[in-house]
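A.B. asks: My structure is below; once you've seen it, I'll send some questions.
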Amino acid sequence: MSKPKFIFKAGSYIDRVVRGSYQGQLIAEANQFDIMRHVFPERFTFCLTIPEDQHEFECFYLLEGELKYLDSDSETILTSGDYISRHLIQDIAYFEAQTEVIMLAFSAPGAFNVLREETKEFYEMAKQIEAAEYVDGHCRRIQRWAGQVGDKLGLSNEQIANTLFAAFFHDLGKAKVPKDILQKKTPLTHEEWALMKQHPTWGRQMLEENEMLCVTGPIVEQIHENVDGSGYPFGLRDEAICLEAKIISVTEAYDAMMMDRPYRHPFVQSEAIEQLKQGIDTLFDSSVVAAFIEVLDEQQGEIAAIQKDWANQEFTLLRQRESFLNIGKEILRGKDIEKILNDVVTGITQFTPFQNATLALFGSAVAPKRLEHAVVEQMAFSDNDKAIHHHFLFDLLEPSQRFQLLEKKFKLGQSYFLQHQDIPCDHSVNEMTGHNDAKDLLVIPLWVSNEELIGLITVEAHMGDQSPTAEVLEPIEMFANLASIAVIEAKQKQQLREMAIRDQLTQLYNRRYLSEVIEVEQARAQRQYTPISLMMIDFIGFHDLNNRFGHLEGDRILAEVAALFKKSIRKTDTIIRYGGDEFLLVMPETSEGNAHKVSERFKKLLQETDFGLDFNVAVRTGIANWNPYSTESFNEVLEEADQWMYSNNRHPALDVLEPEPEKLIAYQNGHAPV
């Protein structure tokens, strides 16, 4: 029975809007109402203004999480069951999510479309600017730091809210700066620098056009002012610069130093902090720098707690090395690739701070930009819920989205680090992982060359607001390298084996493979008590063909005949180039009479095929049959087939004689027939 059309499962929506890590979903609409579900991440700030129409009703009902009202003289915290009636707001109200918050909104019709358009242009511009300067995530990072510094410096709730908005849109004016200037690797000319200095004013002008963001415009315009008056666009000094702008100036400068730019390598943290200290009383306000360094110190403590100090635990390091050594030995000993890959993901979850590792191995190597064409051939999982992880990456990501996992902006060492809001997927991370809290994602490619990879390892990397350190990444990247080596080694062995057992001209198996085929088919026949037929095939007058048309034409005919035979046999049959112009067909579960029918079909097929030569391409065949109750060896049966190939005494329709019942019963009971 199908689900009723009036019932919708959890997570369903008609349409949605995504702004960074915020999400608004339209879940129902009618003539009187749009009903929306809003999902705000922790520390997300938003404001509600007076409705244009005082009779317009809008109510926000808090389903989950904690929400802080920022304008209240006394702290007001909203929790599940509390609600906001927008039409009673007197001016403008700011709110900050203390945890992840889910709210249900009952709004006037068309409210969702307003939400879609509201600030859309600015958000898109901010993202484009980040992409143009190769600094994706820059705005979100300084927004987060600016809010924390504002807390320490005692900014009012309204000031903090304005600071957060200004931090996100601080580079908005760069939308009017030519891209070649933003990405220039050499120093700017006088004319180019004069143009660049106008972007704070352009940003202020653009923000003032939006009623909700207009108060942030003056802050944005002052961010590049310096306390000694050497900044731009106005050369303001000291107290003439608002504290909000001073805060964003410090956090923006720090993040810029920590980013990889076209014209220089990133600073290490200690170097960046030293640069901030040297800029006190010239570029930066001393109290802001001190507060920001406190924030960074606290953050480092949080990272250490998250990472459980893995990199500094000697016992852990020893266990890591032991695991590396064991996997290396398995590779050298040619152990099964499946075991090696399982040991790799187990090692990751046991000897690094990361969880829920999934290794996806592709059928063939692909370039990162062609990741949508990757076909997963094999997977390995950590000890957690395998059913969930089987769908984690390739089943939920659209093929066209996969290459985004390996974009340059996410690169960290040999890996790629994506915070949960950056994962290019229409599904939330908790839907993908089955967890209630959103996780960041660490993606480690399994490279087989500088340009191609053979698989991916993905792990949950819940690092708070920070990226994993080099010390923490080193062991997981070593596990990935071992997996790559194991795959390359296995592929090379497979290629060498294929070269050893394949005939290069016809691409059929060669005589070296015969014993392996016979061993497998003989064991199967003994289990199932079924016969095996062998057919020897030899060209008639092939020596004359070579003499008349040359060996190149002879090789072409051999290859084409081999292809014809291969297409006309069953998947369970095996055809082998036995030597020169001779072939051998191994047919499991085939009686001698049925083998003769195959022989006649082959001969008819050759007669009906035009090979483009004035020559009758024909073959002779010899057939012999082996049964599990037979005392003959396969070599004897093979020799029999070879002899029959040159004899016409065997009737083509002759079928194999069934064994006497008492002999078959004796064989099935494990006794040799007499």
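Lettering and numbering for the structure tokens are positional, with chains as A, B, ... in the shown order, residues counted from 1 in each chain, and ligands counted from 1 in the shown order.
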Quick check for you: according to DSSP on this backbone, which residues of segment 155-289 of chain A are classed as helix (DSSP H, G or I)? Reply as a PyMOL selection string.

C.D. replies: chain A and resi 157-168+172-176+179-182+190-196+199-208+214-222+238-240+243-258+269-278+286-289

A.B. asks: Since we have the selection now, will you write its residues out, keeping C-alpha atoms, as a short mmCIF file (atom, residue, chain, number, x, y, z; two decimals), in the first residue's frame?

C.D. replies:
```
data_model
loop_
_atom_site.label_atom_id
_atom_site.label_comp_id
_atom_site.auth_asym_id
_atom_site.auth_seq_id
_atom_site.Cartn_x
_atom_site.Cartn_y
_atom_site.Cartn_z
CA ASN A 157 24.46 42.20 22.38
CA GLU A 158 23.43 44.57 19.61
CA GLN A 159 27.07 45.49 18.91
CA ILE A 160 28.04 41.83 18.69
CA ALA A 161 25.19 41.15 16.28
CA ASN A 162 26.28 44.05 14.06
CA THR A 163 29.89 42.86 14.27
CA LEU A 164 28.93 39.39 13.08
CA PHE A 165 27.09 40.75 10.05
CA ALA A 166 29.89 43.21 9.22
CA ALA A 167 32.49 40.44 9.53
CA PHE A 168 30.70 38.27 7.02
CA LEU A 172 31.57 42.93 -0.20
CA GLY A 173 32.95 45.98 -2.01
CA LYS A 174 35.58 43.82 -3.70
CA ALA A 175 32.82 42.68 -6.03
CA LYS A 176 33.60 45.88 -7.96
CA LYS A 179 39.42 39.80 -10.63
CA ASP A 180 42.91 40.10 -12.15
CA ILE A 181 43.79 42.63 -9.44
CA LEU A 182 42.46 40.40 -6.63
CA HIS A 190 49.83 52.83 -7.88
CA GLU A 191 46.68 52.93 -10.02
CA GLU A 192 45.64 49.39 -9.03
CA TRP A 193 46.15 50.14 -5.34
CA ALA A 194 44.09 53.34 -5.61
CA LEU A 195 41.27 51.25 -7.06
CA MET A 196 41.60 48.59 -4.35
CA HIS A 199 36.35 48.72 -1.86
CA PRO A 200 35.45 49.56 1.81
CA THR A 201 33.34 52.52 0.65
CA TRP A 202 31.76 50.46 -2.10
CA GLY A 203 30.89 47.83 0.50
CA ARG A 204 29.27 50.42 2.77
CA GLN A 205 27.22 51.80 -0.11
CA MET A 206 26.00 48.35 -1.12
CA LEU A 207 25.01 47.40 2.44
CA GLU A 208 23.14 50.65 3.02
CA CYS A 214 22.43 49.14 6.61
CA VAL A 215 23.76 49.56 10.18
CA THR A 216 26.76 47.36 9.32
CA GLY A 217 27.85 49.58 6.41
CA PRO A 218 29.87 52.11 8.47
CA ILE A 219 31.66 49.27 10.29
CA VAL A 220 32.70 47.70 6.98
CA GLU A 221 33.99 51.05 5.72
CA GLN A 222 36.36 51.39 8.71
CA ASP A 238 42.34 55.74 17.50
CA GLU A 239 38.90 56.48 18.96
CA ALA A 240 37.58 57.72 15.60
CA LEU A 243 35.59 49.05 18.19
CA GLU A 244 33.64 46.64 15.94
CA ALA A 245 35.84 47.58 12.97
CA LYS A 246 39.02 47.25 15.08
CA ILE A 247 37.99 43.71 16.05
CA ILE A 248 37.31 42.64 12.46
CA SER A 249 40.61 44.27 11.36
CA VAL A 250 42.64 42.05 13.70
CA THR A 251 40.80 38.81 12.96
CA GLU A 252 40.82 39.51 9.20
CA ALA A 253 44.58 40.20 9.22
CA TYR A 254 45.29 36.99 11.16
CA ASP A 255 43.19 34.81 8.85
CA ALA A 256 44.74 36.42 5.77
CA MET A 257 48.22 35.57 7.09
CA MET A 258 47.20 31.96 7.72
CA GLN A 269 50.39 30.45 13.88
CA SER A 270 53.28 31.71 16.01
CA GLU A 271 54.52 33.90 13.16
CA ALA A 272 51.06 35.35 12.57
CA ILE A 273 50.61 36.14 16.28
CA GLU A 274 54.02 37.83 16.34
CA GLN A 275 52.98 39.99 13.38
CA LEU A 276 49.84 41.05 15.26
CA LYS A 277 51.91 42.01 18.31
CA GLN A 278 54.30 44.04 16.17
CA SER A 286 46.28 46.59 21.83
CA SER A 287 43.19 45.47 23.78
CA VAL A 288 41.75 43.77 20.68
CA VAL A 289 45.00 41.91 19.93
#
```

A.B. asks: Show me, as JSON lines, the residues of segment 583-648 of chain A having an atom within 8 Å of segment 530-551 of chain A, each with the closest atom pair and its distance in Å, using only C-alpha atoms.

C.D. replies:
```
{"residue": "A:Phe583", "atom": "CA", "partner": "A:Ile537", "partner_atom": "CA", "distance": 4.9}
{"residue": "A:Leu584", "atom": "CA", "partner": "A:Met536", "partner_atom": "CA", "distance": 4.7}
{"residue": "A:Leu585", "atom": "CA", "partner": "A:Met535", "partner_atom": "CA", "distance": 5.0}
{"residue": "A:Val586", "atom": "CA", "partner": "A:Leu534", "partner_atom": "CA", "distance": 4.9}
{"residue": "A:Met587", "atom": "CA", "partner": "A:Ser533", "partner_atom": "CA", "distance": 5.2}
{"residue": "A:Pro588", "atom": "CA", "partner": "A:Ile532", "partner_atom": "CA", "distance": 4.5}
{"residue": "A:Glu589", "atom": "CA", "partner": "A:Pro531", "partner_atom": "CA", "distance": 5.1}
{"residue": "A:Thr590", "atom": "CA", "partner": "A:Ile532", "partner_atom": "CA", "distance": 5.6}
{"residue": "A:Ser591", "atom": "CA", "partner": "A:Pro531", "partner_atom": "CA", "distance": 6.1}
{"residue": "A:Glu592", "atom": "CA", "partner": "A:Ser533", "partner_atom": "CA", "distance": 6.1}
{"residue": "A:Ala595", "atom": "CA", "partner": "A:Ser533", "partner_atom": "CA", "distance": 6.5}
{"residue": "A:Ser599", "atom": "CA", "partner": "A:Met535", "partner_atom": "CA", "distance": 7.8}
{"residue": "A:Phe615", "atom": "CA", "partner": "A:Leu545", "partner_atom": "CA", "distance": 7.3}
{"residue": "A:Val617", "atom": "CA", "partner": "A:Ile540", "partner_atom": "CA", "distance": 7.4}
{"residue": "A:Ala618", "atom": "CA", "partner": "A:Ile540", "partner_atom": "CA", "distance": 5.7}
{"residue": "A:Val619", "atom": "CA", "partner": "A:Phe539", "partner_atom": "CA", "distance": 4.3}
{"residue": "A:Arg620", "atom": "CA", "partner": "A:Asp538", "partner_atom": "CA", "distance": 5.4}
{"residue": "A:Thr621", "atom": "CA", "partner": "A:Ile537", "partner_atom": "CA", "distance": 4.6}
{"residue": "A:Gly622", "atom": "CA", "partner": "A:Met536", "partner_atom": "CA", "distance": 5.0}
{"residue": "A:Ile623", "atom": "CA", "partner": "A:Met535", "partner_atom": "CA", "distance": 4.6}
{"residue": "A:Ala624", "atom": "CA", "partner": "A:Leu534", "partner_atom": "CA", "distance": 5.4}
{"residue": "A:Asn625", "atom": "CA", "partner": "A:Ser533", "partner_atom": "CA", "distance": 4.4}
{"residue": "A:Trp626", "atom": "CA", "partner": "A:Ile532", "partner_atom": "CA", "distance": 5.2}
{"residue": "A:Asn627", "atom": "CA", "partner": "A:Pro531", "partner_atom": "CA", "distance": 4.5}
{"residue": "A:Pro628", "atom": "CA", "partner": "A:Pro531", "partner_atom": "CA", "distance": 6.8}
{"residue": "A:Val637", "atom": "CA", "partner": "A:Leu534", "partner_atom": "CA", "distance": 7.8}
{"residue": "A:Leu638", "atom": "CA", "partner": "A:Leu534", "partner_atom": "CA", "distance": 6.9}
{"residue": "A:Ala641", "atom": "CA", "partner": "A:Met536", "partner_atom": "CA", "distance": 6.0}
{"residue": "A:Asp642", "atom": "CA", "partner": "A:Met536", "partner_atom": "CA", "distance": 6.1}
{"residue": "A:Met645", "atom": "CA", "partner": "A:Met536", "partner_atom": "CA", "distance": 6.7}
```

A.B. asks: Using only N, CA and C atoms, please write the residues we just selected to a file, as a PDB file, in the first residue's frame.

C.D. replies:
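Below is the file part24.pdb, written as the result:
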```pdb
ATOM      1  N   PHE A 583      43.253 -24.300 -31.073  1.00  0.00           N
ATOM      2  CA  PHE A 583      42.513 -23.792 -29.925  1.00  0.00           C
ATOM      3  C   PHE A 583      41.942 -24.969 -29.143  1.00  0.00           C
ATOM      4  N   LEU A 584      41.666 -24.728 -27.861  1.00  0.00           N
ATOM      5  CA  LEU A 584      41.058 -25.739 -27.014  1.00  0.00           C
ATOM      6  C   LEU A 584      39.866 -25.106 -26.303  1.00  0.00           C
ATOM      7  N   LEU A 585      38.700 -25.760 -26.400  1.00  0.00           N
ATOM      8  CA  LEU A 585      37.497 -25.275 -25.731  1.00  0.00           C
ATOM      9  C   LEU A 585      37.149 -26.231 -24.598  1.00  0.00           C
ATOM     10  N   VAL A 586      37.065 -25.694 -23.372  1.00  0.00           N
ATOM     11  CA  VAL A 586      36.689 -26.465 -22.188  1.00  0.00           C
ATOM     12  C   VAL A 586      35.227 -26.147 -21.885  1.00  0.00           C
ATOM     13  N   MET A 587      34.370 -27.178 -21.898  1.00  0.00           N
ATOM     14  CA  MET A 587      32.925 -26.976 -21.737  1.00  0.00           C
ATOM     15  C   MET A 587      32.413 -27.761 -20.538  1.00  0.00           C
ATOM     16  N   PRO A 588      32.236 -27.117 -19.375  1.00  0.00           N
ATOM     17  CA  PRO A 588      31.695 -27.813 -18.204  1.00  0.00           C
ATOM     18  C   PRO A 588      30.240 -28.206 -18.435  1.00  0.00           C
ATOM     19  N   GLU A 589      29.808 -29.242 -17.722  1.00  0.00           N
ATOM     20  CA  GLU A 589      28.408 -29.692 -17.749  1.00  0.00           C
ATOM     21  C   GLU A 589      27.922 -29.903 -19.184  1.00  0.00           C
ATOM     22  N   THR A 590      28.771 -30.484 -20.006  1.00  0.00           N
ATOM     23  CA  THR A 590      28.438 -30.695 -21.421  1.00  0.00           C
ATOM     24  C   THR A 590      28.735 -32.134 -21.806  1.00  0.00           C
ATOM     25  N   SER A 591      27.733 -32.808 -22.320  1.00  0.00           N
ATOM     26  CA  SER A 591      27.940 -34.186 -22.780  1.00  0.00           C
ATOM     27  C   SER A 591      28.668 -34.163 -24.119  1.00  0.00           C
ATOM     28  N   GLU A 592      29.156 -35.327 -24.531  1.00  0.00           N
ATOM     29  CA  GLU A 592      29.908 -35.400 -25.777  1.00  0.00           C
ATOM     30  C   GLU A 592      29.020 -35.088 -26.978  1.00  0.00           C
ATOM     31  N   ALA A 595      28.635 -31.429 -27.236  1.00  0.00           N
ATOM     32  CA  ALA A 595      29.887 -30.837 -27.696  1.00  0.00           C
ATOM     33  C   ALA A 595      29.997 -30.916 -29.219  1.00  0.00           C
ATOM     34  N   SER A 599      30.549 -27.996 -32.088  1.00  0.00           N
ATOM     35  CA  SER A 599      31.516 -28.113 -33.182  1.00  0.00           C
ATOM     36  C   SER A 599      30.877 -27.774 -34.523  1.00  0.00           C
ATOM     37  N   PHE A 615      39.916 -17.343 -49.781  1.00  0.00           N
ATOM     38  CA  PHE A 615      40.437 -18.526 -49.093  1.00  0.00           C
ATOM     39  C   PHE A 615      39.324 -19.071 -48.212  1.00  0.00           C
ATOM     40  N   VAL A 617      38.237 -20.433 -45.058  1.00  0.00           N
ATOM     41  CA  VAL A 617      38.683 -20.581 -43.672  1.00  0.00           C
ATOM     42  C   VAL A 617      37.838 -21.667 -43.023  1.00  0.00           C
ATOM     43  N   ALA A 618      38.470 -22.770 -42.664  1.00  0.00           N
ATOM     44  CA  ALA A 618      37.754 -23.906 -42.082  1.00  0.00           C
ATOM     45  C   ALA A 618      38.610 -24.553 -41.009  1.00  0.00           C
ATOM     46  N   VAL A 619      37.937 -25.308 -40.114  1.00  0.00           N
ATOM     47  CA  VAL A 619      38.645 -25.977 -39.028  1.00  0.00           C
ATOM     48  C   VAL A 619      38.199 -27.421 -38.937  1.00  0.00           C
ATOM     49  N   ARG A 620      39.048 -28.248 -38.319  1.00  0.00           N
ATOM     50  CA  ARG A 620      38.672 -29.602 -37.932  1.00  0.00           C
ATOM     51  C   ARG A 620      38.625 -29.624 -36.412  1.00  0.00           C
ATOM     52  N   THR A 621      37.803 -30.468 -35.840  1.00  0.00           N
ATOM     53  CA  THR A 621      37.671 -30.535 -34.388  1.00  0.00           C
ATOM     54  C   THR A 621      37.795 -31.967 -33.906  1.00  0.00           C
ATOM     55  N   GLY A 622      38.225 -32.106 -32.692  1.00  0.00           N
ATOM     56  CA  GLY A 622      38.274 -33.402 -32.026  1.00  0.00           C
ATOM     57  C   GLY A 622      37.708 -33.264 -30.629  1.00  0.00           C
ATOM     58  N   ILE A 623      36.827 -34.178 -30.230  1.00  0.00           N
ATOM     59  CA  ILE A 623      36.102 -34.042 -28.968  1.00  0.00           C
ATOM     60  C   ILE A 623      36.320 -35.275 -28.101  1.00  0.00           C
ATOM     61  N   ALA A 624      36.530 -35.008 -26.810  1.00  0.00           N
ATOM     62  CA  ALA A 624      36.607 -36.092 -25.828  1.00  0.00           C
ATOM     63  C   ALA A 624      35.882 -35.637 -24.575  1.00  0.00           C
ATOM     64  N   ASN A 625      35.494 -36.599 -23.754  1.00  0.00           N
ATOM     65  CA  ASN A 625      34.662 -36.290 -22.600  1.00  0.00           C
ATOM     66  C   ASN A 625      35.246 -36.915 -21.345  1.00  0.00           C
ATOM     67  N   TRP A 626      35.189 -36.121 -20.248  1.00  0.00           N
ATOM     68  CA  TRP A 626      35.658 -36.624 -18.948  1.00  0.00           C
ATOM     69  C   TRP A 626      34.498 -36.595 -17.973  1.00  0.00           C
ATOM     70  N   ASN A 627      34.345 -37.689 -17.190  1.00  0.00           N
ATOM     71  CA  ASN A 627      33.305 -37.784 -16.176  1.00  0.00           C
ATOM     72  C   ASN A 627      33.943 -37.982 -14.806  1.00  0.00           C
ATOM     73  N   PRO A 628      33.283 -37.522 -13.742  1.00  0.00           N
ATOM     74  CA  PRO A 628      33.874 -37.630 -12.405  1.00  0.00           C
ATOM     75  C   PRO A 628      34.085 -39.062 -11.942  1.00  0.00           C
ATOM     76  N   VAL A 637      42.424 -37.630 -21.586  1.00  0.00           N
ATOM     77  CA  VAL A 637      41.243 -37.163 -22.317  1.00  0.00           C
ATOM     78  C   VAL A 637      41.648 -36.143 -23.369  1.00  0.00           C
ATOM     79  N   LEU A 638      42.602 -35.258 -23.012  1.00  0.00           N
ATOM     80  CA  LEU A 638      43.082 -34.253 -23.955  1.00  0.00           C
ATOM     81  C   LEU A 638      43.763 -34.911 -25.149  1.00  0.00           C
ATOM     82  N   ALA A 641      41.136 -36.253 -27.435  1.00  0.00           N
ATOM     83  CA  ALA A 641      40.535 -35.222 -28.278  1.00  0.00           C
ATOM     84  C   ALA A 641      41.443 -34.879 -29.443  1.00  0.00           C
ATOM     85  N   ASP A 642      42.748 -34.816 -29.185  1.00  0.00           N
ATOM     86  CA  ASP A 642      43.711 -34.493 -30.238  1.00  0.00           C
ATOM     87  C   ASP A 642      43.720 -35.579 -31.325  1.00  0.00           C
ATOM     88  N   MET A 645      40.667 -35.489 -33.540  1.00  0.00           N
ATOM     89  CA  MET A 645      40.650 -34.355 -34.452  1.00  0.00           C
ATOM     90  C   MET A 645      41.073 -34.768 -35.865  1.00  0.00           C
TER      91      MET A 645
END
```

A.B. asks: What does the distance from atom CA of Ala562 of chain A to atom CA of Glu521 of chain A come to in Å, to one decimal?

C.D. replies: 21.7 Å

A.B. asks: Which residue gives the smallest distance to Lys369 of chain A among A:Gln504, A:Thr346, A:Gln404, A:Gln23, with only C-alpha atoms counted?

C.D. replies: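 Using only C-alpha atoms, the shortest distance to Lys369 of chain A belongs to A:Gln404.
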
A.B. asks: Near Pro424 of chain A, within 8 Å and counting only C-alpha atoms, which residues show up once chain neighbours fewer than 6 positions away are dropped, as number ranges by chain?

C.D. replies: A: 397, 401-402, 404-405

A.B. asks: Keeping only N, CA, C and O atoms, write the selected residues as a PDB file, in the first residue's frame.

C.D. replies:
```pdb
ATOM      1  N   LEU A 397      25.849  11.428  -2.634  1.00  0.00           N
ATOM      2  CA  LEU A 397      26.357  12.521  -3.459  1.00  0.00           C
ATOM      3  C   LEU A 397      25.958  12.306  -4.908  1.00  0.00           C
ATOM      4  O   LEU A 397      26.077  11.204  -5.430  1.00  0.00           O
ATOM      5  N   GLN A 401      28.695  16.098  -8.220  1.00  0.00           N
ATOM      6  CA  GLN A 401      29.181  16.821  -7.046  1.00  0.00           C
ATOM      7  C   GLN A 401      30.473  16.234  -6.488  1.00  0.00           C
ATOM      8  O   GLN A 401      31.144  16.887  -5.686  1.00  0.00           O
ATOM      9  N   ARG A 402      30.829  15.029  -6.901  1.00  0.00           N
ATOM     10  CA  ARG A 402      31.920  14.322  -6.229  1.00  0.00           C
ATOM     11  C   ARG A 402      33.254  15.049  -6.325  1.00  0.00           C
ATOM     12  O   ARG A 402      34.032  15.072  -5.367  1.00  0.00           O
ATOM     13  N   GLN A 404      33.886  18.012  -6.136  1.00  0.00           N
ATOM     14  CA  GLN A 404      33.966  19.137  -5.218  1.00  0.00           C
ATOM     15  C   GLN A 404      34.633  18.753  -3.903  1.00  0.00           C
ATOM     16  O   GLN A 404      35.117  19.614  -3.166  1.00  0.00           O
ATOM     17  N   LEU A 405      34.655  17.458  -3.595  1.00  0.00           N
ATOM     18  CA  LEU A 405      35.338  17.011  -2.379  1.00  0.00           C
ATOM     19  C   LEU A 405      36.826  17.299  -2.435  1.00  0.00           C
ATOM     20  O   LEU A 405      37.482  17.438  -1.399  1.00  0.00           O
TER      21      LEU A 405
END
```

A.B. asks: Just the strand (DSSP E or B) stuff from segment 71-250 of chain A, please, per backbone DSSP, written as a PyMOL selection string.

C.D. replies: chain A and resi 76-78+83-85+92-97+101-107+228+237

A.B. asks: With distances taken over only C-alpha atoms, which of A:Ile27, A:Ile331, A:Leu558, A:Ile457 is nearest to Val345 of chain A?

C.D. replies: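 Among the listed residues, A:Ile457 lies closest to Val345 of chain A.
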